[in-house]
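This report refers to the structure that appears directly beneath it.
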Amino acid sequence: MYKNILKLSAGLLLAAGMTAGPAMAGGEAEVLHWWTSGGEAKALKVLKDDFAKNGGTWKDMPVAGGGGDAAMVTLKARIVSGDPPTAAQIKGPTIQEYDDEGVVGPYNIHAVASAENWDALLSPQVANHMKCDGFTKYCAAPVNIHRIDWFWANKKVLDANGLKMPTSWDEFNAAAKKLKAAGIIPLAHGGQPWQDATVFEAVALGIGGNEFYQKAIVDLDMNALGSSTMVKVFDQMRILQGFTDEGMPGRDWNVATGMVMNGKAAFQIMGDWAKGEFANAGLKPGEDYYCLPTPSNHGYLYNVDSFIFFSVKGKNKIEGQKLLASLMMGKNFQKVFNLYKGSIPARLDVPMDEFDLCAKGSAADLNYSAMTGGLLPSFAHGMALKLAQKGAIQDVVTEHFNSDMSSQEAASRLVRAVKDSL
Ligand code: BGC
């Protein structure tokens with residue numbers, strides 16, 4: 001009898017919550033994203049919980065696949081069929097590409113961004129990535145800044161082999177050779193196009209330098225793309241390929257991070273979402289693992305995880321968009337989320353004292369690189385180029401990495417592929 005009463009009241013409460021409770025107040029949001037690894041899911045949960053606490057109803061739309069290539073295909077299909085999600089994870093110029101297609105205006109979140117003065121909370125560079133309508137109206141919200149060009153390494157493995165974190169590519173090659181001879185996989189890698197591209201851009205930045213990266217990868221200067229410097233970049237890619245293991249094809253990035261954690265492999269070259277995995281496993285930088293930017297002349301490859309808000313119909317969805325956008329830019333949210341995610345806040349006013357040494361280093365390097373011309377957008381993570389050009393470069397990089405194609409041939413193909421994509 002009592003049990004029934006309890007059941008009944010719980011049922012009533014639920015019904016009340018669903019009809020007149022705060023769920024209506026916060027609106028609803030179907031959120032498309034590709035955050036499915038342990039660290040990513042933990043970070044995303046902060047947003048889900050915040051949204052629910054504020055009365056929002058979250059409909060999860062995960063599309064697994066690191067780097068978001070699969071998510072972008074799904075998103076395209078949704079847009080083409082005229083059924084956009086309320087919010088979608090996205091990056092870089094793809095935001096403006098969608099605006100050009102006319103599916104983003106009337107920019108439902110711009111009023112929130114104006115009222116909260118996002119222009120004062122973000123660097124102009126980050127703010128511009130979030131704007132549509134000729135960079136005048138906010139149509140996306142940023143949650144972080146990830147750095148791409150990192151080495152992650154197992155401390156025990158390095159210490160046991162008398163190795164320090166490499167500060168030049170030659171040093172890395174020598175360390176990797178020694179590890180290989182000792183029966184350790186030098187480089188944990190997952191053979192997926194976006195991971196090959198992630199390694200490639202770190203190498204291009206390091207071997208070529210900041211100006212070369214800007215010219216070749218951002219400006220798509222044909223001379224730089226086909227240059228002898230690019231040949232050297234591919235030479236280093238071939239050397240790196242020799243340091244990977246047979247299980248590489250198709251391996252997910254977080255599985256590769258796991259190999260560094262358990263000491264099967266020594267290094268991984270990956271963005272700092274890898275740190276989200278170390279953190280999720282309770283591991284600490286400096287004690288269990290090392291982080292150090294891959295060698296370059298104070299270059300810094302960034303990507304900004306953001307969510308685009310398409311044109312949607314219905315008060316509930318629009319309310320959901322506004323609430324989500326406001327929560328994403330919340331000061332405390334940007335701290336807690338990024339502590340889990342491995343990245344640093346996009347907001348400029350979030351104190352860094354609770355962050356670890358990798359994140360503090362990232363924030364300091366970002367400022368230095370911004371002043372000295374080394375702050376550059378990641379091509380592999382969709383910040384530098386439109387999708388067609390990104391795809392063209394990525395295809396050649398992957399083809400080269402997974403075959404015995406010569407470096408010269410790869411550089412020539414790069415020029416052809418980019419020309420054809422324009
Ligand atoms: C995103 C990260 C994500 C990573 C792996 C990157 O493109 O910026 O947020 O964790 O891909 O999926």
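Ordering of the structure tokens sets the chain letters (A, B, ...), residue numbers begin anew at 1 in every chain, and ligands are numbered from 1 in the order given.
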*Expected answer as a PyMOL selection string: residues within 9 Å of ligand 1, only C-alpha atoms and all ligand atoms*: chain A and resi 34-37+39-40+64-69+89-91+144-148+194+253-254+271-274+276+303-306+341-343+380-382
_Neighbouring residues of range 397-403 of chain A were defined as those with any atom within 6 Å, considering only C-alpha atoms; residues of the same chain fewer than 3 positions away were excluded. Please report them as a list in words._
Pro193, Asp196 and Gln394 of chain A
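All residues of protein, DNA or RNA that reach within 10 Å of Lys131 in chain A, judged by only C-alpha atoms and not counting those fewer than 3 positions away in the chain, are Pro93, Ile95, Gln96, Asp99, Tyr107, His110, Val126, Ala127, Asn128, Gly134, Phe135, Thr136, Lys137, Tyr138, Cys139, Ala140, Ala141 and Ile308 of chain A.
All residues in range 131-278 of chain A with a DSSP state of strand (DSSP E), computed from the backbone, read Lys131, Cys132, Lys137, Tyr138, Ala140, Ala141, Pro142, His146, Arg147, Trp150, Phe151, Trp152, Ala153, Asn154, Ile185, Pro186, Leu187, Ala265, Ala266, Phe267, Gln268 and Ile269 of chain A.
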_Shell of 9 Å around Ala392 in chain A, only C-alpha atoms, local chain residues under 4 positions omitted, as an MDAnalysis selection string_ = chainID A and resid 387:388 396:397 414 417:418 420:421
_Neighbour list for range 349-355 of chain A as a ChimeraX atom specification, cut-off 7 Å, only C-alpha atoms, skip fewer than 3 positions in-chain_ = /A:121,331,335,339,345,359-360
_Distance criterion (only C-alpha atoms): nearest to Asn297 in chain A out of A:Met61, A:Ile207, A:Val31, A:Ala120_ =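 Using only C-alpha atoms, Asn297 in chain A sits closest to A:Ile207.
The shortest atom-to-atom distance to Leu375 in chain A, with only C-alpha atoms taken into account, belongs to A:Leu205 out of A:Leu179, A:Val112, A:Leu205, A:Leu323.
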*Would you please work out which residue, of A:Lys53, A:Ile185, A:Leu75, A:Phe307, is nearest to Met248 in chain A when using only C-alpha atoms?*
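For Met248 in chain A, the nearest of the candidates is A:Ile185.
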*Check range 17-70 of chain A with DSSP on the backbone and list each residue it calls helix (DSSP H, G or I), as a PyMOL selection string.*
chain A and resi 17-19+22-26+38-53+66-70
Atoms kept (C-alpha atoms) for selection, written as a PDB file, in the first residue's frame:
ATOM      1  CA  GLY A  17       8.156  18.157 -13.869  1.00  0.00           C
ATOM      2  CA  MET A  18       7.525  17.258 -17.449  1.00  0.00           C
ATOM      3  CA  THR A  19       4.612  19.578 -18.033  1.00  0.00           C
ATOM      4  CA  PRO A  22      11.641  23.749 -15.164  1.00  0.00           C
ATOM      5  CA  ALA A  23      12.040  21.435 -18.145  1.00  0.00           C
ATOM      6  CA  MET A  24       9.865  23.823 -20.118  1.00  0.00           C
ATOM      7  CA  ALA A  25      11.772  26.836 -18.905  1.00  0.00           C
ATOM      8  CA  GLY A  26      15.096  25.700 -20.343  1.00  0.00           C
ATOM      9  CA  GLY A  38      36.135   8.310 -21.433  1.00  0.00           C
ATOM     10  CA  GLY A  39      37.664  11.763 -20.910  1.00  0.00           C
ATOM     11  CA  GLU A  40      35.443  13.387 -23.526  1.00  0.00           C
ATOM     12  CA  ALA A  41      32.263  11.906 -22.068  1.00  0.00           C
ATOM     13  CA  LYS A  42      33.221  13.074 -18.589  1.00  0.00           C
ATOM     14  CA  ALA A  43      33.754  16.622 -19.838  1.00  0.00           C
ATOM     15  CA  LEU A  44      30.524  16.626 -21.837  1.00  0.00           C
ATOM     16  CA  LYS A  45      28.610  15.467 -18.771  1.00  0.00           C
ATOM     17  CA  VAL A  46      29.382  18.813 -17.130  1.00  0.00           C
ATOM     18  CA  LEU A  47      27.393  20.528 -19.877  1.00  0.00           C
ATOM     19  CA  LYS A  48      24.597  17.966 -19.856  1.00  0.00           C
ATOM     20  CA  ASP A  49      24.215  18.359 -16.092  1.00  0.00           C
ATOM     21  CA  ASP A  50      24.283  22.161 -16.249  1.00  0.00           C
ATOM     22  CA  PHE A  51      21.644  22.096 -18.961  1.00  0.00           C
ATOM     23  CA  ALA A  52      19.386  19.782 -16.955  1.00  0.00           C
ATOM     24  CA  LYS A  53      19.888  21.832 -13.774  1.00  0.00           C
ATOM     25  CA  GLY A  66      37.814  10.987 -33.445  1.00  0.00           C
ATOM     26  CA  GLY A  67      38.430  14.300 -35.127  1.00  0.00           C
ATOM     27  CA  GLY A  68      34.782  14.537 -36.104  1.00  0.00           C
ATOM     28  CA  ASP A  69      35.013  13.478 -39.770  1.00  0.00           C
ATOM     29  CA  ALA A  70      32.107  11.044 -39.325  1.00  0.00           C
TER      30      ALA A  70
END
*Name all residues at most 7 Å from Gly320 in chain A (count only C-alpha atoms; drop same-chain ones fewer than 4 positions away) and give them as a ChimeraX atom specification.*
/A:26-29,56,316,324
Any chance you can output those residues with N, CA and C atoms as a compact mmCIF listing (two decimals), in the first residue's frame?
# COMPACT_ATOMS: atom_id res chain seq x y z
N GLY A 26 13.78 25.72 -19.70
CA GLY A 26 15.10 25.70 -20.34
C GLY A 26 15.08 25.30 -21.79
N GLY A 27 13.94 24.85 -22.27
CA GLY A 27 13.86 24.43 -23.66
C GLY A 27 14.50 23.08 -23.88
N GLU A 28 14.63 22.71 -25.14
CA GLU A 28 15.20 21.39 -25.46
C GLU A 28 16.31 21.54 -26.49
N ALA A 29 17.19 20.57 -26.49
CA ALA A 29 18.28 20.63 -27.46
C ALA A 29 18.70 19.23 -27.87
N GLY A 56 16.72 22.40 -18.88
CA GLY A 56 16.76 21.99 -20.28
C GLY A 56 16.58 20.49 -20.45
N ASN A 316 10.61 26.20 -28.05
CA ASN A 316 11.35 25.30 -27.17
C ASN A 316 12.80 25.09 -27.62
N LEU A 324 21.84 26.86 -23.91
CA LEU A 324 23.10 26.14 -24.14
C LEU A 324 24.25 27.11 -24.39
*Have a look at A:Gly391, A:Lys215, A:Asp252, A:Asn210 and name the one nearest to Ser369 in chain A; count only C-alpha atoms.*
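Of the candidates, the smallest distance to Ser369 in chain A is held by A:Asn210.
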*Which value, in Å to one decimal, gives the distance between CA of Gly226 in chain A and CA of Ala204 in chain A?*
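CA of Gly226 in chain A sits 12.7 Å away from CA of Ala204 in chain A.
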*asked:* Just want the 8 Å neighbourhood of Pro295 in chain A, counted on only C-alpha atoms, with same-chain residues fewer than 4 positions away dropped. Output as a list in words.
replied: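 Listing them by chain and then by number gives Pro166, Thr167, Ser168, Trp169 and Gly206 of chain A.
Nearest-residue note for Ala197 in chain A: choosing from A:Ser406, A:Gln389, A:Asn338, A:Ser378, the minimum distance belongs to A:Ser378, counting only C-alpha atoms.
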